[in-house]
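Trainee: Pasting a structure below so you can have a look.
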Amino acid sequence: MKSAISGTSPALDGKVAVVFGTSVGIGAATAQILAGAGAKVVAASRNVAALDELVKTIRASGGTALAAEVDVQNFAQVQAAVDLAVSEWGGLDILVNNAGINVAPHPIDEVPEEDYDRILNVNLKGVWNGMRAGVPAIRKRKGGSVINVSSVGGLVGAPGIAPYCASKHAVIGLSKSAALDLAPAGIRVNVVAPGAVDTAIFNDWQKDDKAREQFIALHPLGRVGQPREIGEAIAWLASDGAAYITGAVLPIDGGYIIP
């Protein structure tokens, strides 16, 4: 049954979801939307305090959710979150790999090696860890949906954030290959590529007011997106309404990549 936070999302009654990177922003909005549409949700993140608040919010609105402390770089922790969903609710239908980071901008020849390694480990290896933990459980359901979160930085370059763009381009390649691997099992793999969204990653990157305004002006709709707008698209991709879609990359960017 849909809860009070259902919004416009398609019905996901009886579905079980694990969402990685849920403490704030897109991940938190996605977890709420999926739960509001009737899914049972394991919300996974490193930020335990934020997770607990999110789960309280979901439950107060009539949804079903559990929290799992997870660093997506750690496969054992990722697997434990999937195992929690399976043990509590009998299986897994929806997997959302949203965890991602960025760091202070640097020209390509000045990027600290530790920054490069951390970004790739979270943004790319984290997605791979999510799929290798979650896919076996989804196979047992004879089908399901994986949604990986890339970025417009996975479709075009941007100055100063080469490792971030590299990781997000790689998420798209990883997802397309996974879509081909998993199609025979009835598992769909799709990607959303957000543009400027009111999240910590964007706000920390665009701190200068003038530069921020100039960047937002490159989005034809003329504004920053909201996390819920990404979450609604993820929920649709997870639903039967998108049953014939796999291997797709959906920009949600106010028109940023049109030019």
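Each chain in the structure tokens gets a letter, A, B and so on, in the order shown; residues start at 1 in every chain, and ligands are counted from 1 in the order they appear.
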With a distance cut-off of 9 Å and only C-alpha atoms, select the neighbouring residues of A:Asn190, excluding the residue or stretch itself and same-chain residues fewer than 2 positions from it, and output the selection as an NGL selection string.

Mentor: :A and (145-149 or 172 or 175-176 or 179 or 188 or 192 or 237 or 245-250)

Trainee: Kindly save the residues from that selection, with N, CA and C atoms included, as a short mmCIF file (atom, residue, chain, number, x, y, z; two decimals), in the first residue's frame.

Mentor:
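Below is the file that was written, result_19.cif:
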```cif
data_model
loop_
_atom_site.label_atom_id
_atom_site.label_comp_id
_atom_site.auth_asym_id
_atom_site.auth_seq_id
_atom_site.Cartn_x
_atom_site.Cartn_y
_atom_site.Cartn_z
N SER A 145 15.29 -4.67 -11.25
CA SER A 145 15.81 -3.43 -11.83
C SER A 145 16.99 -2.91 -11.04
N VAL A 146 18.03 -2.52 -11.77
CA VAL A 146 19.20 -1.85 -11.20
C VAL A 146 19.26 -0.45 -11.80
N ILE A 147 19.38 0.55 -10.95
CA ILE A 147 19.54 1.92 -11.43
C ILE A 147 20.83 2.47 -10.84
N ASN A 148 21.76 2.84 -11.71
CA ASN A 148 23.03 3.41 -11.29
C ASN A 148 23.02 4.91 -11.56
N VAL A 149 23.56 5.66 -10.61
CA VAL A 149 23.54 7.12 -10.72
C VAL A 149 24.89 7.60 -11.23
N ILE A 172 28.72 4.63 -16.64
CA ILE A 172 27.86 4.40 -17.80
C ILE A 172 28.34 3.17 -18.58
N SER A 175 27.54 0.04 -16.67
CA SER A 175 26.11 -0.24 -16.66
C SER A 175 25.63 -0.81 -17.99
N LYS A 176 26.16 -0.28 -19.10
CA LYS A 176 25.76 -0.81 -20.41
C LYS A 176 26.18 -2.26 -20.57
N ALA A 179 23.94 -4.38 -18.45
CA ALA A 179 22.62 -4.54 -19.06
C ALA A 179 22.62 -5.70 -20.05
N ARG A 188 16.96 -5.54 -15.58
CA ARG A 188 17.21 -4.32 -16.34
C ARG A 188 18.22 -3.45 -15.60
N VAL A 192 20.79 7.02 -14.53
CA VAL A 192 20.35 8.41 -14.55
C VAL A 192 21.58 9.30 -14.47
N LEU A 237 11.96 4.15 -13.38
CA LEU A 237 12.82 3.14 -14.00
C LEU A 237 12.75 1.82 -13.26
N ILE A 245 12.81 -1.06 -20.93
CA ILE A 245 13.97 -0.16 -20.97
C ILE A 245 15.14 -0.79 -20.23
N THR A 246 16.24 -0.98 -20.93
CA THR A 246 17.48 -1.41 -20.30
C THR A 246 18.66 -0.86 -21.08
N GLY A 247 19.74 -0.59 -20.37
CA GLY A 247 20.93 -0.02 -21.01
C GLY A 247 20.79 1.45 -21.36
N ALA A 248 19.75 2.10 -20.85
CA ALA A 248 19.50 3.50 -21.18
C ALA A 248 20.23 4.43 -20.22
N VAL A 249 20.56 5.61 -20.74
CA VAL A 249 21.13 6.67 -19.92
C VAL A 249 20.18 7.86 -20.01
N LEU A 250 19.60 8.22 -18.88
CA LEU A 250 18.59 9.27 -18.84
C LEU A 250 19.18 10.54 -18.22
#
```

Trainee: With only C-alpha atoms as the counted atoms, please give the residues lying no more than 9 Å from A:Ala50, apart from itself and same-chain residues fewer than 5 positions off, as a PDB file with C-alpha atoms, in the first residue's frame.

Mentor:
```
ATOM      1  CA  THR A  22      20.972   7.488   1.122  1.00  0.00           C
ATOM      2  CA  SER A  23      21.916   9.810   3.955  1.00  0.00           C
ATOM      3  CA  VAL A  24      21.196  13.059   2.082  1.00  0.00           C
ATOM      4  CA  SER A  45      25.089   4.941   3.954  1.00  0.00           C
ATOM      5  CA  VAL A  55      14.150   5.836   8.480  1.00  0.00           C
TER       6      VAL A  55
END
```

Trainee: Write out as a ChimeraX atom specification all residues of stretch 63-257 of chain A that backbone DSSP assigns to strand (DSSP E).

Mentor: /A:64-69,94-97,144-149,187-194,249-252

Trainee: Give me the residues of stretch 176-239 of chain A that have any atom at most 9 Å from an atom of stretch 92-101 of chain A; for each, the nearest atom pair and the distance in Å, rounded to one decimal. Use only C-alpha atoms, sort by chain and number, and format it as CSV.

Mentor:
```
residue,atom,partner,partner_atom,distance
A:Ile201,CA,A:Ile101,CA,6.7
A:Ile234,CA,A:Val96,CA,8.1
A:Ala238,CA,A:Ile94,CA,6.4
A:Ser239,CA,A:Ile94,CA,8.9
```

Trainee: Check the smallest atom-to-atom distance from each of A:Ile258, A:Leu12, A:Ala31, A:Val122 to A:Lys168 using only C-alpha atoms, then report the winner.

Mentor: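 Counting only C-alpha atoms, the residue closest to A:Lys168 is A:Val122.
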
Trainee: Just how far from atom CA of A:Ala49 is atom CA of A:Asp13, in Å to one decimal?

Mentor: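 Computed distance, atom CA of A:Asp13 to atom CA of A:Ala49, equals 27.7 Å.
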
Trainee: What's the separation between atom CA of A:Ala104 and atom CA of A:Ile216, in Å to one decimal place?

Mentor: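 Rounded to one decimal, the two atoms are 19.0 Å apart.
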
Trainee: Name all residues at most 12 Å from A:Val70 (count only C-alpha atoms; drop same-chain ones fewer than 5 positions away) and give them as a PyMOL selection string.

Mentor: chain A and resi 18-23+42-48+51+75-82+84+99+122+126+129-130

Trainee: Which residue is closest to A:Ala37? Choose from A:Thr64, A:Asn74, A:Asn123, A:Asn102 and count only C-alpha atoms.

Mentor: A:Thr64

Trainee: Which residue is closest to A:Ser87? Choose from A:Ala196, A:Leu66, A:Ala183, A:Val127 and count only C-alpha atoms.

Mentor: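 Answer, going by the shortest atom-to-atom distance: A:Leu66.
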
Trainee: For stretch 220-225 of chain A, find every residue with an atom within 7 Å (counting only C-alpha atoms), except residues of its own chain fewer than 4 positions away, and show them as a PyMOL selection string.

Mentor: chain A and resi 196-198+216+229+254-256

Trainee: Can you tell me which residues surround A:Ala35 at a distance of at most 12 Å, considering only C-alpha atoms, apart from same-chain residues fewer than 3 positions away, and format the answer as an MDAnalysis selection string?

Mentor: chainID A and resid 1:7 9:19 28:32 38:43 54:55 57:66 94 231:232 235

Trainee: Identify, on the basis of only C-alpha atoms, every residue whose closest approach to A:Pro163 does not exceed 9 Å; exclude the query and any residue fewer than 4 positions from it along the same chain; express the result as an mmCIF file with C-alpha atoms, in the first residue's frame.

Mentor:
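Saved result, around25.cif, follows:
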```cif
data_model
loop_
_atom_site.group_PDB
_atom_site.id
_atom_site.type_symbol
_atom_site.label_atom_id
_atom_site.label_comp_id
_atom_site.auth_asym_id
_atom_site.auth_seq_id
_atom_site.Cartn_x
_atom_site.Cartn_y
_atom_site.Cartn_z
ATOM 1 C CA ASN A 102 33.856 14.668 -5.323
ATOM 2 C CA ILE A 108 44.539 17.239 -14.156
ATOM 3 C CA VAL A 111 45.171 16.019 -8.720
ATOM 4 C CA ASP A 115 41.881 12.001 -4.255
ATOM 5 C CA TYR A 116 41.890 10.097 -7.537
ATOM 6 C CA ASP A 117 41.907 6.728 -5.781
ATOM 7 C CA ILE A 119 36.841 9.062 -6.057
ATOM 8 C CA LEU A 120 37.252 6.003 -8.267
ATOM 9 C CA SER A 167 34.391 7.790 -12.678
ATOM 10 C CA LYS A 168 30.976 8.863 -13.941
#
```

Trainee: When you count only C-alpha atoms, which of these residues is closest to A:Tyr244: A:Asn121, A:Pro136, A:His169, A:Gly144?

Mentor: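 Distance minimum relative to A:Tyr244 lands on A:Gly144.
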
Trainee: Out of stretch 113-240 of chain A, which residues get alpha helix (DSSP H) from DSSP, as an MDAnalysis selection string?

Mentor: chainID A and resid 113:120 126:139 162:182 200:205 209:216 227:238

Trainee: Skipping near chain neighbours, those fewer than 6 positions away, what residues fall within 12 Å of A:Ala158 using only C-alpha atoms, listed as a VMD selection string?

Mentor: chain A and resid 105 to 108 151 to 152 164 to 166 168 to 169 195 205 215

Trainee: For atom CA of A:Arg141 and atom CA of A:Gly241, quote the distance in Å rounded to one decimal.

Mentor: 18.0 Å
